[in-house]
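Okay, data-v1.txt is below, compact mmCIF, N, CA and C atoms:
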# COMPACT_ATOMS: atom_id res chain seq x y z
N GLU X 407 0.85 -1.20 0.00
CA GLU X 407 0.00 0.00 0.00
C GLU X 407 0.88 1.24 0.00
N SER X 408 0.53 2.20 -0.82
CA SER X 408 1.27 3.46 -0.94
C SER X 408 1.12 4.29 0.32
N SER X 409 2.18 5.08 0.60
CA SER X 409 2.09 5.95 1.78
C SER X 409 1.06 7.06 1.56
N LYS X 410 0.74 7.37 0.29
CA LYS X 410 -0.26 8.40 -0.01
C LYS X 410 -1.68 7.88 0.20
N ALA X 411 -1.85 6.59 0.09
CA ALA X 411 -3.19 6.02 0.20
C ALA X 411 -3.55 5.84 1.67
N LYS X 412 -4.50 6.63 2.13
CA LYS X 412 -4.95 6.55 3.51
C LYS X 412 -6.45 6.34 3.53
N SER X 413 -6.91 5.68 4.55
CA SER X 413 -8.36 5.51 4.68
C SER X 413 -8.96 6.83 5.14
N LEU X 414 -10.26 6.94 5.02
CA LEU X 414 -10.95 8.15 5.48
C LEU X 414 -10.66 8.43 6.95
N SER X 415 -10.69 7.39 7.77
CA SER X 415 -10.50 7.61 9.20
C SER X 415 -9.08 8.06 9.51
N GLU X 416 -8.08 7.56 8.76
CA GLU X 416 -6.70 7.99 8.98
C GLU X 416 -6.50 9.43 8.53
N LYS X 417 -6.98 9.76 7.33
CA LYS X 417 -6.74 11.10 6.78
C LYS X 417 -7.58 12.15 7.48
N TYR X 418 -8.83 11.84 7.75
CA TYR X 418 -9.74 12.86 8.26
C TYR X 418 -10.01 12.75 9.75
N GLY X 419 -9.37 11.79 10.42
CA GLY X 419 -9.47 11.71 11.87
C GLY X 419 -10.87 11.52 12.40
N GLN X 420 -11.69 10.78 11.69
CA GLN X 420 -13.08 10.59 12.13
C GLN X 420 -13.14 9.47 13.17
N SER X 421 -13.78 9.75 14.24
CA SER X 421 -14.10 8.73 15.24
C SER X 421 -15.58 8.85 15.52
N SER X 422 -16.13 7.87 16.17
CA SER X 422 -17.58 7.90 16.39
C SER X 422 -18.03 9.13 17.17
N SER X 423 -17.14 9.72 17.96
CA SER X 423 -17.52 10.89 18.75
C SER X 423 -17.46 12.19 17.96
N SER X 424 -16.83 12.17 16.74
CA SER X 424 -16.68 13.42 16.00
C SER X 424 -17.62 13.53 14.81
N TYR X 425 -18.44 12.54 14.57
CA TYR X 425 -19.34 12.61 13.43
C TYR X 425 -20.38 13.70 13.64
N GLN X 426 -20.83 14.24 12.54
CA GLN X 426 -21.82 15.31 12.60
C GLN X 426 -23.23 14.75 12.48
N ARG X 427 -24.17 15.61 12.83
CA ARG X 427 -25.58 15.28 12.62
C ARG X 427 -26.04 16.09 11.43
N VAL X 428 -26.52 15.42 10.39
CA VAL X 428 -27.04 16.11 9.22
C VAL X 428 -28.50 16.42 9.50
N GLU X 429 -28.83 17.70 9.57
CA GLU X 429 -30.19 18.12 9.86
C GLU X 429 -31.04 18.22 8.61
N SER X 430 -30.38 18.54 7.48
CA SER X 430 -31.13 18.73 6.24
C SER X 430 -30.22 18.41 5.06
N PHE X 431 -30.77 17.70 4.09
CA PHE X 431 -30.05 17.37 2.86
C PHE X 431 -31.03 17.57 1.71
N GLN X 432 -30.75 18.56 0.84
CA GLN X 432 -31.67 18.87 -0.26
C GLN X 432 -30.89 18.94 -1.57
N CYS X 433 -31.52 18.43 -2.63
CA CYS X 433 -30.98 18.55 -3.99
C CYS X 433 -32.05 19.22 -4.84
N PRO X 434 -32.11 20.57 -4.82
CA PRO X 434 -33.17 21.26 -5.56
C PRO X 434 -33.07 21.05 -7.08
N ASP X 435 -31.87 20.78 -7.57
CA ASP X 435 -31.68 20.46 -8.99
C ASP X 435 -30.39 19.66 -9.12
N PRO X 436 -30.09 19.11 -10.31
CA PRO X 436 -28.90 18.26 -10.46
C PRO X 436 -27.57 19.00 -10.25
N ASN X 437 -27.58 20.32 -10.26
CA ASN X 437 -26.35 21.09 -10.13
C ASN X 437 -26.20 21.76 -8.77
N SER X 438 -26.98 21.33 -7.79
CA SER X 438 -26.97 22.01 -6.50
C SER X 438 -27.32 21.03 -5.37
N ILE X 439 -26.57 21.15 -4.28
CA ILE X 439 -26.85 20.35 -3.07
C ILE X 439 -26.76 21.29 -1.88
N LYS X 440 -27.71 21.21 -0.98
CA LYS X 440 -27.70 22.03 0.23
C LYS X 440 -27.74 21.11 1.44
N ILE X 441 -26.79 21.31 2.35
CA ILE X 441 -26.70 20.47 3.55
C ILE X 441 -26.60 21.38 4.77
N ILE X 442 -27.36 21.07 5.79
CA ILE X 442 -27.22 21.74 7.08
C ILE X 442 -26.79 20.65 8.06
N CYS X 443 -25.65 20.89 8.72
CA CYS X 443 -25.15 19.88 9.65
C CYS X 443 -24.64 20.54 10.92
N ASP X 444 -24.49 19.72 11.94
CA ASP X 444 -24.01 20.18 13.24
C ASP X 444 -22.85 19.27 13.63
N LYS X 445 -21.62 19.83 13.67
CA LYS X 445 -20.42 19.07 14.01
C LYS X 445 -20.14 19.19 15.50
N LYS X 446 -19.83 18.05 16.13
CA LYS X 446 -19.45 18.07 17.54
C LYS X 446 -18.05 18.62 17.72
N SER X 447 -17.19 18.38 16.72
CA SER X 447 -15.81 18.88 16.79
C SER X 447 -15.32 19.14 15.37
N GLU X 448 -14.17 19.78 15.25
CA GLU X 448 -13.61 20.05 13.93
C GLU X 448 -13.37 18.73 13.20
N GLY X 449 -13.63 18.74 11.91
CA GLY X 449 -13.43 17.54 11.11
C GLY X 449 -13.90 17.76 9.69
N TYR X 450 -14.19 16.69 9.00
CA TYR X 450 -14.58 16.75 7.60
C TYR X 450 -15.98 16.20 7.40
N LEU X 451 -16.71 16.84 6.51
CA LEU X 451 -17.95 16.27 6.01
C LEU X 451 -17.58 15.64 4.67
N VAL X 452 -17.87 14.36 4.51
CA VAL X 452 -17.52 13.64 3.29
C VAL X 452 -18.80 13.31 2.53
N LEU X 453 -18.84 13.75 1.29
CA LEU X 453 -19.96 13.44 0.39
C LEU X 453 -19.51 12.25 -0.45
N THR X 454 -20.24 11.16 -0.39
CA THR X 454 -19.80 9.94 -1.07
C THR X 454 -20.35 9.81 -2.47
N ASP X 455 -20.44 10.94 -3.16
CA ASP X 455 -20.67 10.86 -4.60
C ASP X 455 -19.34 11.20 -5.27
N VAL X 456 -19.24 10.99 -6.54
CA VAL X 456 -17.96 11.09 -7.23
C VAL X 456 -17.43 12.52 -7.26
N TYR X 457 -16.15 12.67 -6.90
CA TYR X 457 -15.46 13.94 -7.02
C TYR X 457 -15.34 14.26 -8.50
N TYR X 458 -15.70 15.49 -8.88
CA TYR X 458 -15.59 15.89 -10.27
C TYR X 458 -15.27 17.38 -10.32
N PRO X 459 -14.30 17.78 -11.15
CA PRO X 459 -13.96 19.20 -11.25
C PRO X 459 -15.18 20.02 -11.65
N GLY X 460 -15.24 21.23 -11.17
CA GLY X 460 -16.35 22.12 -11.50
C GLY X 460 -17.28 22.34 -10.34
N TRP X 461 -17.23 21.48 -9.32
CA TRP X 461 -18.05 21.69 -8.13
C TRP X 461 -17.40 22.73 -7.23
N GLN X 462 -18.19 23.61 -6.70
CA GLN X 462 -17.76 24.63 -5.74
C GLN X 462 -18.56 24.41 -4.46
N VAL X 463 -17.98 24.77 -3.33
CA VAL X 463 -18.72 24.67 -2.07
C VAL X 463 -18.66 26.00 -1.34
N TYR X 464 -19.78 26.34 -0.73
CA TYR X 464 -19.91 27.55 0.07
C TYR X 464 -20.35 27.12 1.47
N VAL X 465 -19.52 27.42 2.46
CA VAL X 465 -19.83 27.07 3.85
C VAL X 465 -20.25 28.36 4.56
N ASP X 466 -21.47 28.38 5.02
CA ASP X 466 -22.04 29.56 5.67
C ASP X 466 -21.89 30.81 4.79
N GLY X 467 -22.06 30.62 3.49
CA GLY X 467 -22.01 31.72 2.53
C GLY X 467 -20.62 32.07 2.01
N GLU X 468 -19.58 31.49 2.58
CA GLU X 468 -18.19 31.77 2.16
C GLU X 468 -17.66 30.60 1.34
N LYS X 469 -16.97 30.93 0.23
CA LYS X 469 -16.40 29.88 -0.60
C LYS X 469 -15.34 29.11 0.19
N ALA X 470 -15.36 27.78 0.07
CA ALA X 470 -14.41 26.92 0.78
C ALA X 470 -13.79 25.95 -0.22
N GLU X 471 -12.82 25.19 0.26
CA GLU X 471 -12.11 24.25 -0.61
C GLU X 471 -12.71 22.85 -0.51
N ILE X 472 -12.86 22.20 -1.67
CA ILE X 472 -13.27 20.81 -1.70
C ILE X 472 -12.00 19.97 -1.85
N GLU X 473 -11.85 18.98 -0.97
CA GLU X 473 -10.72 18.07 -1.05
C GLU X 473 -11.20 16.70 -1.51
N ARG X 474 -10.28 15.93 -2.05
CA ARG X 474 -10.62 14.55 -2.42
C ARG X 474 -10.52 13.66 -1.20
N ALA X 475 -11.47 12.77 -1.05
CA ALA X 475 -11.45 11.79 0.02
C ALA X 475 -11.44 10.40 -0.62
N ASN X 476 -10.48 9.57 -0.23
CA ASN X 476 -10.35 8.21 -0.80
C ASN X 476 -10.31 8.23 -2.32
N PHE X 477 -9.69 9.23 -2.89
CA PHE X 477 -9.47 9.39 -4.32
C PHE X 477 -10.73 9.63 -5.14
N ALA X 478 -11.90 9.39 -4.60
CA ALA X 478 -13.11 9.42 -5.42
C ALA X 478 -14.22 10.32 -4.89
N PHE X 479 -14.18 10.69 -3.62
CA PHE X 479 -15.27 11.43 -3.01
C PHE X 479 -14.88 12.86 -2.70
N ARG X 480 -15.86 13.67 -2.28
CA ARG X 480 -15.63 15.07 -1.91
C ARG X 480 -15.63 15.20 -0.39
N ALA X 481 -14.70 16.04 0.11
CA ALA X 481 -14.63 16.30 1.54
C ALA X 481 -14.46 17.80 1.77
N VAL X 482 -15.09 18.30 2.83
CA VAL X 482 -14.99 19.71 3.19
C VAL X 482 -14.64 19.79 4.67
N LYS X 483 -13.58 20.54 4.98
CA LYS X 483 -13.18 20.70 6.37
C LYS X 483 -14.11 21.70 7.05
N LEU X 484 -14.60 21.31 8.23
CA LEU X 484 -15.53 22.15 8.99
C LEU X 484 -15.06 22.30 10.42
N SER X 485 -15.32 23.45 10.99
CA SER X 485 -15.08 23.65 12.41
C SER X 485 -16.27 23.08 13.18
N ALA X 486 -16.14 23.01 14.48
CA ALA X 486 -17.25 22.54 15.31
C ALA X 486 -18.41 23.53 15.21
N GLY X 487 -19.61 23.03 15.29
CA GLY X 487 -20.79 23.90 15.27
C GLY X 487 -21.70 23.61 14.09
N LYS X 488 -22.74 24.41 13.99
CA LYS X 488 -23.74 24.25 12.95
C LYS X 488 -23.31 24.99 11.69
N HIS X 489 -23.45 24.34 10.53
CA HIS X 489 -23.03 24.93 9.26
C HIS X 489 -24.05 24.65 8.17
N GLU X 490 -24.12 25.61 7.24
CA GLU X 490 -24.90 25.41 6.02
C GLU X 490 -23.92 25.31 4.86
N LEU X 491 -23.96 24.20 4.14
CA LEU X 491 -23.10 23.99 2.99
C LEU X 491 -23.94 24.01 1.73
N ARG X 492 -23.43 24.68 0.71
CA ARG X 492 -24.11 24.71 -0.59
C ARG X 492 -23.09 24.30 -1.64
N PHE X 493 -23.32 23.16 -2.27
CA PHE X 493 -22.48 22.71 -3.36
C PHE X 493 -23.15 23.14 -4.66
N GLU X 494 -22.38 23.78 -5.53
CA GLU X 494 -22.89 24.24 -6.82
C GLU X 494 -21.97 23.74 -7.92
N TYR X 495 -22.55 23.21 -8.98
CA TYR X 495 -21.75 22.77 -10.12
C TYR X 495 -21.60 23.95 -11.05
N GLU X 496 -20.39 24.51 -11.09
CA GLU X 496 -20.08 25.70 -11.88
C GLU X 496 -18.81 25.44 -12.69
N PRO X 497 -18.91 24.60 -13.74
CA PRO X 497 -17.69 24.27 -14.48
C PRO X 497 -17.15 25.46 -15.26
N LEU X 498 -15.84 25.54 -15.33
CA LEU X 498 -15.17 26.61 -16.06
C LEU X 498 -15.56 26.56 -17.54
N SER X 499 -15.75 25.36 -18.08
CA SER X 499 -16.10 25.23 -19.49
C SER X 499 -17.44 25.90 -19.81
N PHE X 500 -18.39 25.87 -18.88
CA PHE X 500 -19.68 26.51 -19.11
C PHE X 500 -19.53 28.02 -19.16
N ARG X 501 -18.74 28.56 -18.22
CA ARG X 501 -18.52 30.01 -18.21
C ARG X 501 -17.79 30.45 -19.47
N ALA X 502 -16.80 29.67 -19.91
CA ALA X 502 -16.06 30.01 -21.13
C ALA X 502 -17.00 29.97 -22.34
N ALA X 503 -17.88 28.99 -22.40
CA ALA X 503 -18.84 28.89 -23.50
C ALA X 503 -19.79 30.10 -23.52
N CYS X 504 -20.23 30.54 -22.35
CA CYS X 504 -21.11 31.72 -22.28
C CYS X 504 -20.40 32.97 -22.78
N ILE X 505 -19.15 33.13 -22.38
CA ILE X 505 -18.38 34.30 -22.82
C ILE X 505 -18.19 34.27 -24.33
N LEU X 506 -17.83 33.09 -24.87
CA LEU X 506 -17.65 32.96 -26.32
C LEU X 506 -18.96 33.22 -27.07
N PHE X 507 -20.06 32.74 -26.54
CA PHE X 507 -21.37 32.97 -27.17
C PHE X 507 -21.67 34.47 -27.21
N LEU X 508 -21.45 35.16 -26.09
CA LEU X 508 -21.72 36.60 -26.05
C LEU X 508 -20.81 37.38 -27.00
N LEU X 509 -19.54 36.99 -27.06
CA LEU X 509 -18.63 37.64 -28.00
C LEU X 509 -19.08 37.42 -29.44
N GLY X 510 -19.52 36.21 -29.76
CA GLY X 510 -20.03 35.91 -31.10
C GLY X 510 -21.27 36.70 -31.42
N LEU X 511 -22.17 36.82 -30.46
CA LEU X 511 -23.41 37.58 -30.65
C LEU X 511 -23.10 39.06 -30.87
N ILE X 512 -22.22 39.62 -30.06
CA ILE X 512 -21.85 41.03 -30.22
C ILE X 512 -21.19 41.25 -31.59
N SER X 513 -20.31 40.34 -31.99
CA SER X 513 -19.65 40.45 -33.29
C SER X 513 -20.66 40.39 -34.43
N ALA X 514 -21.62 39.48 -34.34
CA ALA X 514 -22.63 39.35 -35.39
C ALA X 514 -23.46 40.63 -35.51
N VAL X 515 -23.86 41.20 -34.38
CA VAL X 515 -24.63 42.45 -34.40
C VAL X 515 -23.78 43.58 -34.98
N PHE X 516 -22.53 43.68 -34.55
CA PHE X 516 -21.63 44.72 -35.03
C PHE X 516 -21.45 44.64 -36.54
N PHE X 517 -21.15 43.44 -37.06
CA PHE X 517 -20.92 43.30 -38.50
C PHE X 517 -22.21 43.48 -39.31
N SER X 518 -23.33 43.11 -38.73
CA SER X 518 -24.62 43.33 -39.39
C SER X 518 -24.90 44.83 -39.52
N LEU X 519 -24.67 45.58 -38.43
CA LEU X 519 -24.85 47.02 -38.46
C LEU X 519 -23.87 47.68 -39.43
N LEU X 520 -22.64 47.22 -39.44
CA LEU X 520 -21.62 47.75 -40.34
C LEU X 520 -22.00 47.51 -41.81
N LYS X 521 -22.52 46.33 -42.11
CA LYS X 521 -22.93 45.98 -43.46
C LYS X 521 -24.10 46.85 -43.90
N ASN X 522 -25.09 47.03 -43.00
CA ASN X 522 -26.26 47.87 -43.30
C ASN X 522 -25.85 49.32 -43.54
N ARG X 523 -24.90 49.82 -42.77
CA ARG X 523 -24.45 51.20 -42.91
C ARG X 523 -23.73 51.38 -44.27
N ARG X 524 -22.93 50.40 -44.69
CA ARG X 524 -22.22 50.48 -45.96
C ARG X 524 -23.18 50.42 -47.15
N SER X 525 -24.21 49.57 -47.02
CA SER X 525 -25.15 49.42 -48.14
C SER X 525 -26.01 50.66 -48.32
N LYS X 526 -26.22 51.46 -47.27
CA LYS X 526 -27.03 52.68 -47.36
C LYS X 526 -26.22 53.82 -47.98
N SER X 527 -24.87 53.76 -47.87
CA SER X 527 -24.08 54.86 -48.42
C SER X 527 -23.78 54.71 -49.88

Step by step, read the file and then write its structure as structure tokens.
Amino acid sequence: ESSKAKSLSEKYGQSSSSYQRVESFQCPDPNSIKIICDKKSEGYLVLTDVYYPGWQVYVDGEKAEIERANFAFRAVKLSAGKHELRFEYEPLSFRAACILFLLGLISAVFFSLLKNRRSKS
């Protein structure tokens, strides 16, 4: 076994006394997850769905870091206490596509106006 390969309990220090209570788990759409949890002590909340680039997490409204857990899952470090987590799928490729679409639209309008102005003169 590689020294990098650690179990969840080794890497994240989870013991039965440190697990959190999940008060609410909602998936309003495929690109969003909302979790309200109460941690007894500092530790990690591990989401056992597949880690995939493009997911962002906001803890109590502040952007936080998503770490990989067991190479395949998502983990978020939390302090003790009650927290609201919001996972949002915001891939960079989608934002880039929107920007390119808007640039193309602006260019098309500009060249259309330019062509109309030339044909009138």

Of the listed residues X:Phe493, X:Ser513, X:Cys504, X:Asp466, that which approaches Asp435 (chain X) most closely, counting only C-alpha atoms: X:Phe493

Who sits within 8 Å of Lys488 (chain X), only N, CA and C atoms, same chain under 5 positions skipped, as a ChimeraX atom specification: /X:442-446,466

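Put simply, atom C of Glu473 (chain X) is 25.1 Å away from atom N of Ala503 (chain X).
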
Closest of X:Asn437, X:Leu520, X:Glu490, X:Leu509 to Glu468 (chain X) - atom-to-atom distances counting all atoms listed in the file: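 Answer, going by the shortest atom-to-atom distance: X:Glu490.
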
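When only C-alpha atoms are used to measure the gap to Ala475 (chain X), the shortest distance among X:Asn522, X:Thr454, X:Gln432, X:Ser438 belongs to X:Thr454.
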
Residue list (strand (DSSP E), DSSP) for region 420-460 of chain X, as a list in words: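 Reading the DSSP output for region 420-460 of chain X, strand (DSSP E) covers Arg427, Val428, Glu429, Ser430, Phe431, Gln432, Cys433, Pro434, Asp435, Ser438, Ile439, Lys440, Ile441, Ile442, Cys443, Asp444, Lys445, Gly449, Tyr450, Leu451, Val452, Leu453, Thr454, Asp455 and Val456 of chain X.
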
Nearest residue to Ser485 (chain X) from the set X:Phe500, X:Tyr450, X:Phe516, X:Phe431 (distances using all atoms listed in the file):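 Among X:Phe500, X:Tyr450, X:Phe516, X:Phe431, it is X:Tyr450 that comes nearest to Ser485 (chain X).
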
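From CA of Phe477 (chain X) back to CA of Leu498 (chain X), the distance works out to 21.6 Å.
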
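Here CA of Ile441 (chain X) is placed at a distance of 25.1 Å from CA of Arg501 (chain X).
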
Kindly list the centre and edge lengths in Å, rounded to one decimal, for the axis-aligned box that covers all listed atoms of region 476-489 of chain X plus 8 Å on each of its six sides, as JSON.
{"center_x": -16.8, "center_y": 16.6, "center_z": 4.9, "size_x": 30.6, "size_y": 32.8, "size_z": 36.7}
